[in-house]
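Visitor: Here you go, protein.txt (compact mmCIF, C-alpha atoms):
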# COMPACT_ATOMS: atom_id res chain seq x y z
CA MET A 579 7.91 16.23 4.79
CA ILE A 580 4.09 15.91 4.99
CA ASP A 581 2.09 18.83 3.64
CA ASN A 582 -1.70 18.70 3.72
CA HIS A 583 -1.52 14.91 4.35
CA LEU A 584 0.72 14.36 1.29
CA LEU A 585 4.39 13.37 1.20
CA ASP A 586 6.29 16.27 -0.32
CA PHE A 587 8.76 14.00 -2.17
CA ALA A 588 6.21 11.56 -3.62
CA LYS A 589 4.92 11.74 -7.17
CA LYS A 590 1.18 12.48 -6.98
CA ASN A 591 -1.25 10.39 -9.02
CA ILE A 592 -4.53 10.86 -7.19
CA SER A 593 -7.03 7.99 -7.31
CA GLN A 594 -10.79 8.30 -7.28
CA ASN A 595 -10.86 5.04 -5.28
CA GLN A 596 -11.04 6.70 -1.89
CA ASN A 597 -13.51 8.30 0.47
CA GLU A 598 -13.76 9.99 3.85
CA ARG A 599 -12.59 8.18 6.95
CA PRO A 600 -15.34 7.73 9.54
CA ASN A 601 -12.98 9.50 11.97
CA ASN A 602 -9.47 10.88 11.77
CA GLU A 603 -7.90 7.96 13.61
CA ILE A 604 -4.78 6.57 11.89
CA THR A 605 -3.07 3.96 14.04
CA LEU A 606 -2.02 1.21 11.64
CA ILE A 607 0.27 0.78 8.64
CA VAL A 608 -0.50 -2.13 6.32
CA ILE A 609 2.24 -3.34 3.99
CA HIS A 610 1.18 -4.95 0.73
CA ASN A 611 2.75 -6.09 -2.50
CA ILE A 612 1.50 -5.83 -6.05
CA SER A 613 2.72 -6.46 -9.56
CA LEU A 614 0.65 -6.25 -12.73
CA PRO A 615 0.54 -8.62 -14.41
CA PRO A 616 1.69 -10.85 -11.54
CA GLY A 617 5.49 -11.12 -11.42
CA GLN A 618 6.08 -8.36 -13.98
CA PHE A 619 7.68 -5.11 -12.90
CA ASN A 620 8.77 -1.70 -14.17
CA ASN A 621 5.65 -0.68 -16.03
CA ASN A 622 2.79 1.76 -15.34
CA ASN A 623 0.11 -0.88 -14.84
CA ILE A 624 -0.16 -0.43 -11.07
CA GLU A 625 -0.64 3.31 -11.38
CA ASP A 626 -3.16 2.79 -14.17
CA PHE A 627 -5.02 0.18 -12.09
CA PHE A 628 -5.25 2.41 -9.00
CA THR A 629 -6.51 5.33 -11.12
CA ASN A 630 -9.01 3.26 -13.17
CA LYS A 631 -7.05 3.74 -16.41
CA LEU A 632 -5.77 0.18 -16.94
CA ASP A 633 -6.21 -1.10 -20.49
CA ASN A 634 -7.94 -4.37 -19.68
CA SER A 635 -7.36 -5.68 -23.19
CA SER A 636 -3.57 -5.42 -22.90
CA HIS A 637 -3.17 -8.64 -20.86
CA ALA A 638 -5.43 -11.63 -20.15
CA TYR A 639 -4.98 -11.26 -16.38
CA PHE A 640 -6.48 -7.78 -16.46
CA GLU A 641 -9.87 -9.23 -17.41
CA LYS A 642 -9.98 -10.85 -13.94
CA ILE A 643 -9.53 -7.52 -12.17
CA LYS A 644 -11.34 -5.16 -14.53
CA ASP A 645 -14.26 -4.50 -12.16
CA LEU A 646 -12.16 -3.92 -9.05
CA LYS A 647 -11.88 -0.42 -7.63
CA VAL A 648 -8.84 -0.34 -5.35
CA SER A 649 -6.09 2.02 -4.29
CA ALA A 650 -3.43 2.48 -1.66
CA HIS A 651 -2.02 5.57 -0.06
CA LEU A 652 1.47 4.88 -1.42
CA LEU A 653 3.35 2.71 -3.89
CA ILE A 654 7.09 2.15 -3.60
CA LYS A 655 8.37 1.01 -6.96
CA ARG A 656 11.35 -1.29 -7.37
CA SER A 657 13.42 1.76 -8.36
CA GLY A 658 12.57 3.42 -5.04
CA GLU A 659 10.22 5.96 -6.62
CA VAL A 660 7.31 6.75 -4.32
CA VAL A 661 3.86 7.47 -5.74
CA GLN A 662 0.99 8.78 -3.62
CA PHE A 663 -2.59 8.00 -4.68
CA VAL A 664 -4.58 9.03 -1.60
CA ALA A 665 -3.97 11.68 1.08
CA PHE A 666 -3.34 10.12 4.47
CA ASN A 667 -6.43 11.68 6.03
CA LYS A 668 -8.63 9.92 3.45
CA ARG A 669 -9.61 6.24 3.33
CA ALA A 670 -7.84 4.34 0.55
CA TRP A 671 -9.41 1.07 -0.57
CA HIS A 672 -6.50 -1.28 0.08
CA ALA A 673 -7.38 -3.74 2.83
CA GLY A 674 -10.77 -5.12 1.82
CA GLU A 675 -12.44 -7.40 4.34
CA SER A 676 -10.06 -7.16 7.27
CA SER A 677 -9.69 -7.14 11.03
CA PHE A 678 -6.98 -6.10 13.48
CA LYS A 679 -7.17 -6.30 17.28
CA SER A 680 -10.91 -7.07 17.09
CA ARG A 681 -11.60 -4.04 14.87
CA ASN A 682 -13.07 -4.66 11.43
CA ASN A 683 -12.52 -2.69 8.22
CA CYS A 684 -8.88 -1.70 8.60
CA ASN A 685 -9.25 0.84 5.80
CA ASN A 686 -10.95 3.06 8.39
CA PHE A 687 -7.84 3.47 10.54
CA SER A 688 -4.85 2.45 8.42
CA ILE A 689 -2.42 3.69 5.81
CA GLY A 690 -1.80 1.24 2.99
CA ILE A 691 1.68 1.02 1.48
CA GLU A 692 2.18 -1.14 -1.61
CA LEU A 693 5.60 -2.42 -2.60
CA GLU A 694 6.06 -3.32 -6.24
CA GLY A 695 6.87 -6.98 -5.84
CA SER A 696 5.48 -10.42 -5.11
CA ASP A 697 5.39 -12.89 -2.26
CA ASN A 698 8.38 -14.89 -3.46
CA ILE A 699 10.66 -12.41 -5.24
CA THR A 700 13.25 -10.50 -3.20
CA TYR A 701 12.44 -6.84 -2.64
CA GLU A 702 15.02 -4.23 -3.62
CA PRO A 703 17.20 -2.61 -0.92
CA VAL A 704 16.03 0.84 -2.04
CA GLN A 705 12.43 -0.21 -1.32
CA TYR A 706 13.32 -0.98 2.30
CA LYS A 707 15.22 2.32 2.52
CA GLU A 708 12.21 4.31 1.30
CA LEU A 709 9.79 2.30 3.42
CA ASN A 710 11.82 2.98 6.57
CA LYS A 711 11.98 6.69 5.75
CA ILE A 712 8.22 6.80 5.18
CA ILE A 713 7.42 4.86 8.36
CA SER A 714 9.53 7.32 10.36
CA ILE A 715 7.74 10.29 8.80
CA LEU A 716 4.30 8.75 9.33
CA LYS A 717 5.04 7.91 12.96
CA SER A 718 6.12 11.49 13.61
CA ASN A 719 2.85 12.84 12.15
CA TYR A 720 0.21 10.27 13.13
CA PRO A 721 -0.33 8.05 16.20
CA ILE A 722 0.82 4.85 14.45
CA ALA A 723 0.83 1.99 16.95
CA ASP A 724 1.28 -1.06 14.68
CA ILE A 725 2.79 -2.12 11.37
CA VAL A 726 1.47 -5.31 9.81
CA GLY A 727 1.26 -7.16 6.54
CA HIS A 728 -1.93 -7.58 4.56
CA SER A 729 -1.79 -11.27 5.49
CA ASP A 730 -2.02 -10.32 9.18
CA ILE A 731 -5.33 -8.49 8.78
CA ALA A 732 -6.87 -10.82 6.17
CA PRO A 733 -5.46 -14.28 7.02
CA GLY A 734 -6.46 -17.01 4.63
CA ARG A 735 -7.53 -14.42 2.06
CA LYS A 736 -4.25 -12.55 1.51
CA THR A 737 -0.59 -13.59 1.64
CA ASP A 738 1.25 -10.32 1.01
CA PRO A 739 3.81 -8.95 1.56
CA GLY A 740 4.87 -12.59 1.47
CA GLU A 741 7.74 -14.78 2.54
CA SER A 742 10.24 -12.66 0.61
CA PHE A 743 9.53 -9.61 2.78
CA GLU A 744 12.22 -9.26 5.43
CA TRP A 745 10.60 -7.75 8.52
CA SER A 746 14.04 -7.49 10.13
CA LYS A 747 14.90 -4.76 7.61
CA ILE A 748 12.14 -2.53 8.95
CA ASN A 749 13.68 -0.28 11.58
CA GLU A 750 10.40 0.93 13.03
CA THR A 751 8.48 -2.33 13.06
CA THR A 752 6.39 -3.31 16.06
CA LYS A 753 5.98 -6.83 14.73
As structure tokens, what does this structure read like?

Guide:
Amino acid sequence: MIDNHLLDFAKKNISQNQNERPNNEITLIVIHNISLPPGQFNNNNIEDFFTNKLDNSSHAYFEKIKDLKVSAHLLIKRSGEVVQFVAFNKRAWHAGESSFKSRNNCNNFSIGIELEGSDNITYEPVQYKELNKIISILKSNYPIADIVGHSDIAPGRKTDPGESFEWSKINETTK
């Protein structure tokens, strides 16, 4: 299911917002949420944002993020569609200033998975289904030891995946 560090069933939309990992260690999965503009779903804005193609003039909120260069390894849309932006052996720019178990810069050793959603809107059952499938695949290919939310590695700065994320629906969680 993983070929050359890419999920075989994911749509590929490769982002330039990536670079080499300082080592090949991948021990952490970080779960995020995103919607662009906030609270609006089922558009291509997230993909455009992660690939630096977002039309900043199409919404006032986009002016606030126009200079950001970010990406994630995967996006799970509300429909369940999975999009891959960065190969797992590369460093996606998803965590920002972060720390886990006394180690800084979680981008160096983590895989970032974005769910199309927001902190306070219920996620779709198909998103949990796909996330569980992906976690299982990742754990069988990489030495994943922990699964956390963005809020766990950047407390006070980030709140995602938010109160609406049901950790109990994650079969492989170590939380």

Visitor: List every residue of region 639-658 of chain A that has an atom at most 9 Å from any atom of region 618-633 of chain A, giving for each one its closest atom pair and the distance in Å to one decimal, counting all atoms listed in the file, sorted by chain and then by ascending residue number, as JSON lines.

Guide:
{"residue": "A:Phe640", "atom": "CA", "partner": "A:Asp633", "partner_atom": "CA", "distance": 7.8}
{"residue": "A:Ile643", "atom": "CA", "partner": "A:Phe627", "partner_atom": "CA", "distance": 8.9}
{"residue": "A:Lys644", "atom": "CA", "partner": "A:Leu632", "partner_atom": "CA", "distance": 8.1}
{"residue": "A:Leu646", "atom": "CA", "partner": "A:Phe627", "partner_atom": "CA", "distance": 8.8}
{"residue": "A:Lys647", "atom": "CA", "partner": "A:Asn630", "partner_atom": "CA", "distance": 7.2}
{"residue": "A:Val648", "atom": "CA", "partner": "A:Phe628", "partner_atom": "CA", "distance": 5.8}
{"residue": "A:Ser649", "atom": "CA", "partner": "A:Phe628", "partner_atom": "CA", "distance": 4.8}
{"residue": "A:Ala650", "atom": "CA", "partner": "A:Phe628", "partner_atom": "CA", "distance": 7.6}
{"residue": "A:Leu653", "atom": "CA", "partner": "A:Glu625", "partner_atom": "CA", "distance": 8.5}
{"residue": "A:Lys655", "atom": "CA", "partner": "A:Asn620", "partner_atom": "CA", "distance": 7.7}
{"residue": "A:Arg656", "atom": "CA", "partner": "A:Asn620", "partner_atom": "CA", "distance": 7.3}
{"residue": "A:Ser657", "atom": "CA", "partner": "A:Asn620", "partner_atom": "CA", "distance": 8.2}

Visitor: Interatomic distance between CA of Leu584 (chain A) and CA of Ala665 (chain A)?

Guide: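 These atoms are spaced 5.4 Å apart.
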
Visitor: For region 718-735 of chain A, list every protein, DNA or RNA residue within 7 Å, evaluated using all atoms listed in the file, and leave out those in the same chain fewer than 3 positions away; present the list as a count of residues only.

Guide: 19

Visitor: One decimal, Å: what's the distance from CA of Val661 (chain A) over to CA of Ser696 (chain A), could you say?

Guide: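 For CA of Val661 (chain A) relative to CA of Ser696 (chain A), the distance reads 18.0 Å.
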
Visitor: Excluding Lys590 (chain A) and its own-chain neighbours fewer than 3 positions away, which residues fall within 10 Å of it when counting only C-alpha atoms? Please give them as a ChimeraX atom specification.

Guide: /A:584-587,593,652,660-665

Visitor: Any chance you can output those residues with C-alpha atoms as a PDB file, keeping the file's coordinate frame?

Guide:
ATOM      1  CA  LEU A 584       0.720  14.360   1.290  1.00  0.00           C
ATOM      2  CA  LEU A 585       4.390  13.370   1.200  1.00  0.00           C
ATOM      3  CA  ASP A 586       6.290  16.270  -0.320  1.00  0.00           C
ATOM      4  CA  PHE A 587       8.760  14.000  -2.170  1.00  0.00           C
ATOM      5  CA  SER A 593      -7.030   7.990  -7.310  1.00  0.00           C
ATOM      6  CA  LEU A 652       1.470   4.880  -1.420  1.00  0.00           C
ATOM      7  CA  VAL A 660       7.310   6.750  -4.320  1.00  0.00           C
ATOM      8  CA  VAL A 661       3.860   7.470  -5.740  1.00  0.00           C
ATOM      9  CA  GLN A 662       0.990   8.780  -3.620  1.00  0.00           C
ATOM     10  CA  PHE A 663      -2.590   8.000  -4.680  1.00  0.00           C
ATOM     11  CA  VAL A 664      -4.580   9.030  -1.600  1.00  0.00           C
ATOM     12  CA  ALA A 665      -3.970  11.680   1.080  1.00  0.00           C
TER      13      ALA A 665
END

Visitor: What gap, in Å, lies between CA of Asn686 (chain A) and CA of Asn749 (chain A)?

Guide: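 Separating CA of Asn686 (chain A) from CA of Asn749 (chain A) is a distance of 25.1 Å.
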
Visitor: With all atoms listed in the file as the basis for distance, which of A:Gly695, A:Tyr639, A:Asn602, A:Ile612 is at the shortest distance from His672 (chain A)?

Guide: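 Among A:Gly695, A:Tyr639, A:Asn602, A:Ile612, it is A:Ile612 that comes nearest to His672 (chain A).
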
Visitor: So, with only C-alpha atoms as the atoms that count, which of A:Ser613, A:Ala670, A:Ser746, A:Leu693 lies closest to Gln705 (chain A)?

Guide: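 For Gln705 (chain A), the nearest of the given residues is A:Leu693.
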
Visitor: Neighbours of Ser742 (chain A) within 6 Å (all atoms listed in the file; same-chain residues fewer than 5 positions away dropped), as a list of chain:residue names?

Guide: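 Returned residues: A:Asp697, A:Asn698, A:Ile699, A:Thr700.
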
Visitor: From the options A:Glu741, A:Glu603, A:Ala638, A:Ile691, which residue's atoms come nearest to Asn710 (chain A), counting only C-alpha atoms?

Guide: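 Looking only at the distances to Asn710 (chain A), the closest residue turns out to be A:Ile691.
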
Visitor: May I ask which of the residues A:Lys747, A:Gly658, A:Gly740, A:His651 is the closest one to Asn685 (chain A), counting all atoms listed in the file?

Guide: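 Checking each of A:Lys747, A:Gly658, A:Gly740, A:His651 against Asn685 (chain A), counting all atoms listed in the file, the winner is A:His651.
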
Visitor: Between A:Ile654, A:Ile580, A:Leu614, A:Thr737, which one has atoms that come closest to Tyr706 (chain A), using all atoms listed in the file?

Guide: A:Ile654

Visitor: Using the structure just given, write a file holding C-alpha atoms for region 586-726 of chain A, as a PDB file, in the first residue's frame.

Guide:
ATOM      1  CA  ASP A 586      -0.820   3.920  -3.568  1.00  0.00           C
ATOM      2  CA  PHE A 587      -4.504   4.894  -3.158  1.00  0.00           C
ATOM      3  CA  ALA A 588      -3.958   8.604  -2.429  1.00  0.00           C
ATOM      4  CA  LYS A 589      -4.335  11.322  -5.020  1.00  0.00           C
ATOM      5  CA  LYS A 590      -0.901  12.920  -5.489  1.00  0.00           C
ATOM      6  CA  ASN A 591      -0.569  16.708  -5.416  1.00  0.00           C
ATOM      7  CA  ILE A 592       3.080  17.236  -4.541  1.00  0.00           C
ATOM      8  CA  SER A 593       3.974  20.370  -2.583  1.00  0.00           C
ATOM      9  CA  GLN A 594       7.196  22.325  -2.842  1.00  0.00           C
ATOM     10  CA  ASN A 595       6.850  23.051   0.892  1.00  0.00           C
ATOM     11  CA  GLN A 596       9.065  20.206   2.016  1.00  0.00           C
ATOM     12  CA  ASN A 597      12.704  19.312   2.445  1.00  0.00           C
ATOM     13  CA  GLU A 598      14.985  16.496   3.546  1.00  0.00           C
ATOM     14  CA  ARG A 599      14.645  15.033   7.010  1.00  0.00           C
ATOM     15  CA  PRO A 600      17.824  15.335   9.076  1.00  0.00           C
ATOM     16  CA  ASN A 601      17.599  11.546   9.504  1.00  0.00           C
ATOM     17  CA  ASN A 602      15.162   8.870   8.418  1.00  0.00           C
ATOM     18  CA  GLU A 603      13.533   8.556  11.821  1.00  0.00           C
ATOM     19  CA  ILE A 604       9.703   8.579  11.694  1.00  0.00           C
ATOM     20  CA  THR A 605       8.207   7.828  15.100  1.00  0.00           C
ATOM     21  CA  LEU A 606       5.271  10.219  15.452  1.00  0.00           C
ATOM     22  CA  ILE A 607       1.960  10.923  13.731  1.00  0.00           C
ATOM     23  CA  VAL A 608       0.500  14.397  14.239  1.00  0.00           C
ATOM     24  CA  ILE A 609      -3.201  14.889  13.554  1.00  0.00           C
ATOM     25  CA  HIS A 610      -4.331  18.347  12.462  1.00  0.00           C
ATOM     26  CA  ASN A 611      -7.426  20.002  11.090  1.00  0.00           C
ATOM     27  CA  ILE A 612      -7.792  22.656   8.438  1.00  0.00           C
ATOM     28  CA  SER A 613     -10.525  24.393   6.499  1.00  0.00           C
ATOM     29  CA  LEU A 614     -10.086  27.320   4.137  1.00  0.00           C
ATOM     30  CA  PRO A 615     -11.615  29.734   4.691  1.00  0.00           C
ATOM     31  CA  PRO A 616     -12.201  28.654   8.298  1.00  0.00           C
ATOM     32  CA  GLY A 617     -15.373  26.573   8.638  1.00  0.00           C
ATOM     33  CA  GLN A 618     -15.879  26.160   4.887  1.00  0.00           C
ATOM     34  CA  PHE A 619     -15.487  22.753   3.299  1.00  0.00           C
ATOM     35  CA  ASN A 620     -15.615  20.931  -0.028  1.00  0.00           C
ATOM     36  CA  ASN A 621     -13.446  23.229  -2.104  1.00  0.00           C
ATOM     37  CA  ASN A 622      -9.876  23.059  -3.443  1.00  0.00           C
ATOM     38  CA  ASN A 623      -8.472  25.803  -1.229  1.00  0.00           C
ATOM     39  CA  ILE A 624      -6.483  23.479   1.046  1.00  0.00           C
ATOM     40  CA  GLU A 625      -4.783  21.795  -1.895  1.00  0.00           C
ATOM     41  CA  ASP A 626      -4.095  25.177  -3.479  1.00  0.00           C
ATOM     42  CA  PHE A 627      -2.691  26.503  -0.180  1.00  0.00           C
ATOM     43  CA  PHE A 628      -0.343  23.541   0.323  1.00  0.00           C
ATOM     44  CA  THR A 629       0.916  23.842  -3.274  1.00  0.00           C
ATOM     45  CA  ASN A 630       1.309  27.654  -3.217  1.00  0.00           C
ATOM     46  CA  LYS A 631      -1.486  28.172  -5.763  1.00  0.00           C
ATOM     47  CA  LEU A 632      -4.123  29.790  -3.529  1.00  0.00           C
ATOM     48  CA  ASP A 633      -5.760  32.868  -5.050  1.00  0.00           C
ATOM     49  CA  ASN A 634      -5.251  35.251  -2.143  1.00  0.00           C
ATOM     50  CA  SER A 635      -7.717  37.737  -3.603  1.00  0.00           C
ATOM     51  CA  SER A 636     -10.609  35.249  -3.538  1.00  0.00           C
ATOM     52  CA  HIS A 637     -11.311  35.660   0.210  1.00  0.00           C
ATOM     53  CA  ALA A 638     -10.302  38.235   2.829  1.00  0.00           C
ATOM     54  CA  TYR A 639      -8.935  35.548   5.172  1.00  0.00           C
ATOM     55  CA  PHE A 640      -6.400  34.463   2.563  1.00  0.00           C
ATOM     56  CA  GLU A 641      -4.573  37.793   2.910  1.00  0.00           C
ATOM     57  CA  LYS A 642      -3.634  36.733   6.467  1.00  0.00           C
ATOM     58  CA  ILE A 643      -1.980  33.527   5.277  1.00  0.00           C
ATOM     59  CA  LYS A 644      -0.587  34.611   1.918  1.00  0.00           C
ATOM     60  CA  ASP A 645       3.067  34.500   3.022  1.00  0.00           C
ATOM     61  CA  LEU A 646       2.883  31.135   4.778  1.00  0.00           C
ATOM     62  CA  LYS A 647       4.593  28.135   3.224  1.00  0.00           C
ATOM     63  CA  VAL A 648       3.093  25.013   4.781  1.00  0.00           C
ATOM     64  CA  SER A 649       2.195  21.470   3.837  1.00  0.00           C
ATOM     65  CA  ALA A 650       1.297  18.140   5.353  1.00  0.00           C
ATOM     66  CA  HIS A 651       1.999  14.624   4.237  1.00  0.00           C
ATOM     67  CA  LEU A 652      -1.705  13.828   3.860  1.00  0.00           C
ATOM     68  CA  LEU A 653      -5.122  15.447   3.765  1.00  0.00           C
ATOM     69  CA  ILE A 654      -8.285  13.467   4.426  1.00  0.00           C
ATOM     70  CA  LYS A 655     -11.194  15.364   2.952  1.00  0.00           C
ATOM     71  CA  ARG A 656     -14.704  15.217   4.387  1.00  0.00           C
ATOM     72  CA  SER A 657     -15.649  12.879   1.529  1.00  0.00           C
ATOM     73  CA  GLY A 658     -12.902  10.457   2.597  1.00  0.00           C
ATOM     74  CA  GLU A 659     -10.675  11.277  -0.366  1.00  0.00           C
ATOM     75  CA  VAL A 660      -7.009  11.129   0.599  1.00  0.00           C
ATOM     76  CA  VAL A 661      -4.495  13.529  -0.951  1.00  0.00           C
ATOM     77  CA  GLN A 662      -0.742  13.163  -0.495  1.00  0.00           C
ATOM     78  CA  PHE A 663       1.452  16.277  -0.712  1.00  0.00           C
ATOM     79  CA  VAL A 664       4.785  15.013   0.630  1.00  0.00           C
ATOM     80  CA  ALA A 665       6.427  11.577   0.562  1.00  0.00           C
ATOM     81  CA  PHE A 666       6.748  10.104   4.032  1.00  0.00           C
ATOM     82  CA  ASN A 667      10.543  10.051   3.931  1.00  0.00           C
ATOM     83  CA  LYS A 668      10.578  13.843   3.399  1.00  0.00           C
ATOM     84  CA  ARG A 669       9.920  16.571   5.970  1.00  0.00           C
ATOM     85  CA  ALA A 670       6.569  18.292   5.466  1.00  0.00           C
ATOM     86  CA  TRP A 671       6.128  21.714   7.035  1.00  0.00           C
ATOM     87  CA  HIS A 672       3.102  21.016   9.234  1.00  0.00           C
ATOM     88  CA  ALA A 673       4.047  21.302  12.901  1.00  0.00           C
ATOM     89  CA  GLY A 674       5.870  24.619  13.150  1.00  0.00           C
ATOM     90  CA  GLU A 675       7.433  25.389  16.514  1.00  0.00           C
ATOM     91  CA  SER A 676       6.812  22.169  18.394  1.00  0.00           C
ATOM     92  CA  SER A 677       8.116  19.727  20.971  1.00  0.00           C
ATOM     93  CA  PHE A 678       7.323  16.144  21.946  1.00  0.00           C
ATOM     94  CA  LYS A 679       9.007  14.125  24.700  1.00  0.00           C
ATOM     95  CA  SER A 680      11.699  16.818  25.073  1.00  0.00           C
ATOM     96  CA  ARG A 681      12.488  16.786  21.341  1.00  0.00           C
ATOM     97  CA  ASN A 682      12.004  20.006  19.397  1.00  0.00           C
ATOM     98  CA  ASN A 683      10.950  20.457  15.763  1.00  0.00           C
ATOM     99  CA  CYS A 684       8.505  17.592  15.370  1.00  0.00           C
ATOM    100  CA  ASN A 685       8.598  18.000  11.590  1.00  0.00           C
ATOM    101  CA  ASN A 686      11.942  16.176  11.733  1.00  0.00           C
ATOM    102  CA  PHE A 687      10.452  12.898  12.971  1.00  0.00           C
ATOM    103  CA  SER A 688       6.712  13.020  12.292  1.00  0.00           C
ATOM    104  CA  ILE A 689       4.092  12.458   9.636  1.00  0.00           C
ATOM    105  CA  GLY A 690       1.445  15.175   9.484  1.00  0.00           C
ATOM    106  CA  ILE A 691      -2.132  14.206   8.653  1.00  0.00           C
ATOM    107  CA  GLU A 692      -4.679  16.968   8.099  1.00  0.00           C
ATOM    108  CA  LEU A 693      -8.395  16.337   8.403  1.00  0.00           C
ATOM    109  CA  GLU A 694     -10.658  18.729   6.559  1.00  0.00           C
ATOM    110  CA  GLY A 695     -12.555  20.125   9.505  1.00  0.00           C
ATOM    111  CA  SER A 696     -12.424  22.452  12.474  1.00  0.00           C
ATOM    112  CA  ASP A 697     -12.097  22.231  16.228  1.00  0.00           C
ATOM    113  CA  ASN A 698     -15.822  22.381  16.898  1.00  0.00           C
ATOM    114  CA  ILE A 699     -17.501  20.705  13.908  1.00  0.00           C
ATOM    115  CA  THR A 700     -18.026  16.938  13.973  1.00  0.00           C
ATOM    116  CA  TYR A 701     -15.719  14.979  11.685  1.00  0.00           C
ATOM    117  CA  GLU A 702     -17.252  12.592   9.160  1.00  0.00           C
ATOM    118  CA  PRO A 703     -17.281   8.827   9.877  1.00  0.00           C
ATOM    119  CA  VAL A 704     -15.462   8.187   6.588  1.00  0.00           C
ATOM    120  CA  GLN A 705     -12.610  10.422   7.783  1.00  0.00           C
ATOM    121  CA  TYR A 706     -12.101   8.214  10.853  1.00  0.00           C
ATOM    122  CA  LYS A 707     -12.305   5.114   8.644  1.00  0.00           C
ATOM    123  CA  GLU A 708      -9.589   6.415   6.312  1.00  0.00           C
ATOM    124  CA  LEU A 709      -7.472   7.698   9.192  1.00  0.00           C
ATOM    125  CA  ASN A 710      -7.548   4.292  10.894  1.00  0.00           C
ATOM    126  CA  LYS A 711      -6.598   2.560   7.643  1.00  0.00           C
ATOM    127  CA  ILE A 712      -3.717   4.989   7.111  1.00  0.00           C
ATOM    128  CA  ILE A 713      -2.459   4.672  10.696  1.00  0.00           C
ATOM    129  CA  SER A 714      -2.399   0.888  10.326  1.00  0.00           C
ATOM    130  CA  ILE A 715      -0.451   1.129   7.062  1.00  0.00           C
ATOM    131  CA  LEU A 716       2.008   3.656   8.492  1.00  0.00           C
ATOM    132  CA  LYS A 717       2.610   1.579  11.617  1.00  0.00           C
ATOM    133  CA  SER A 718       3.374  -1.465   9.480  1.00  0.00           C
ATOM    134  CA  ASN A 719       5.960   0.491   7.446  1.00  0.00           C
ATOM    135  CA  TYR A 720       7.553   2.890   9.940  1.00  0.00           C
ATOM    136  CA  PRO A 721       8.444   2.662  13.659  1.00  0.00           C
ATOM    137  CA  ILE A 722       5.534   4.860  14.791  1.00  0.00           C
ATOM    138  CA  ALA A 723       5.483   5.017  18.591  1.00  0.00           C
ATOM    139  CA  ASP A 724       2.983   7.840  19.243  1.00  0.00           C
ATOM    140  CA  ILE A 725      -0.068   9.531  17.753  1.00  0.00           C
ATOM    141  CA  VAL A 726      -0.860  13.029  18.980  1.00  0.00           C
TER     142      VAL A 726
END
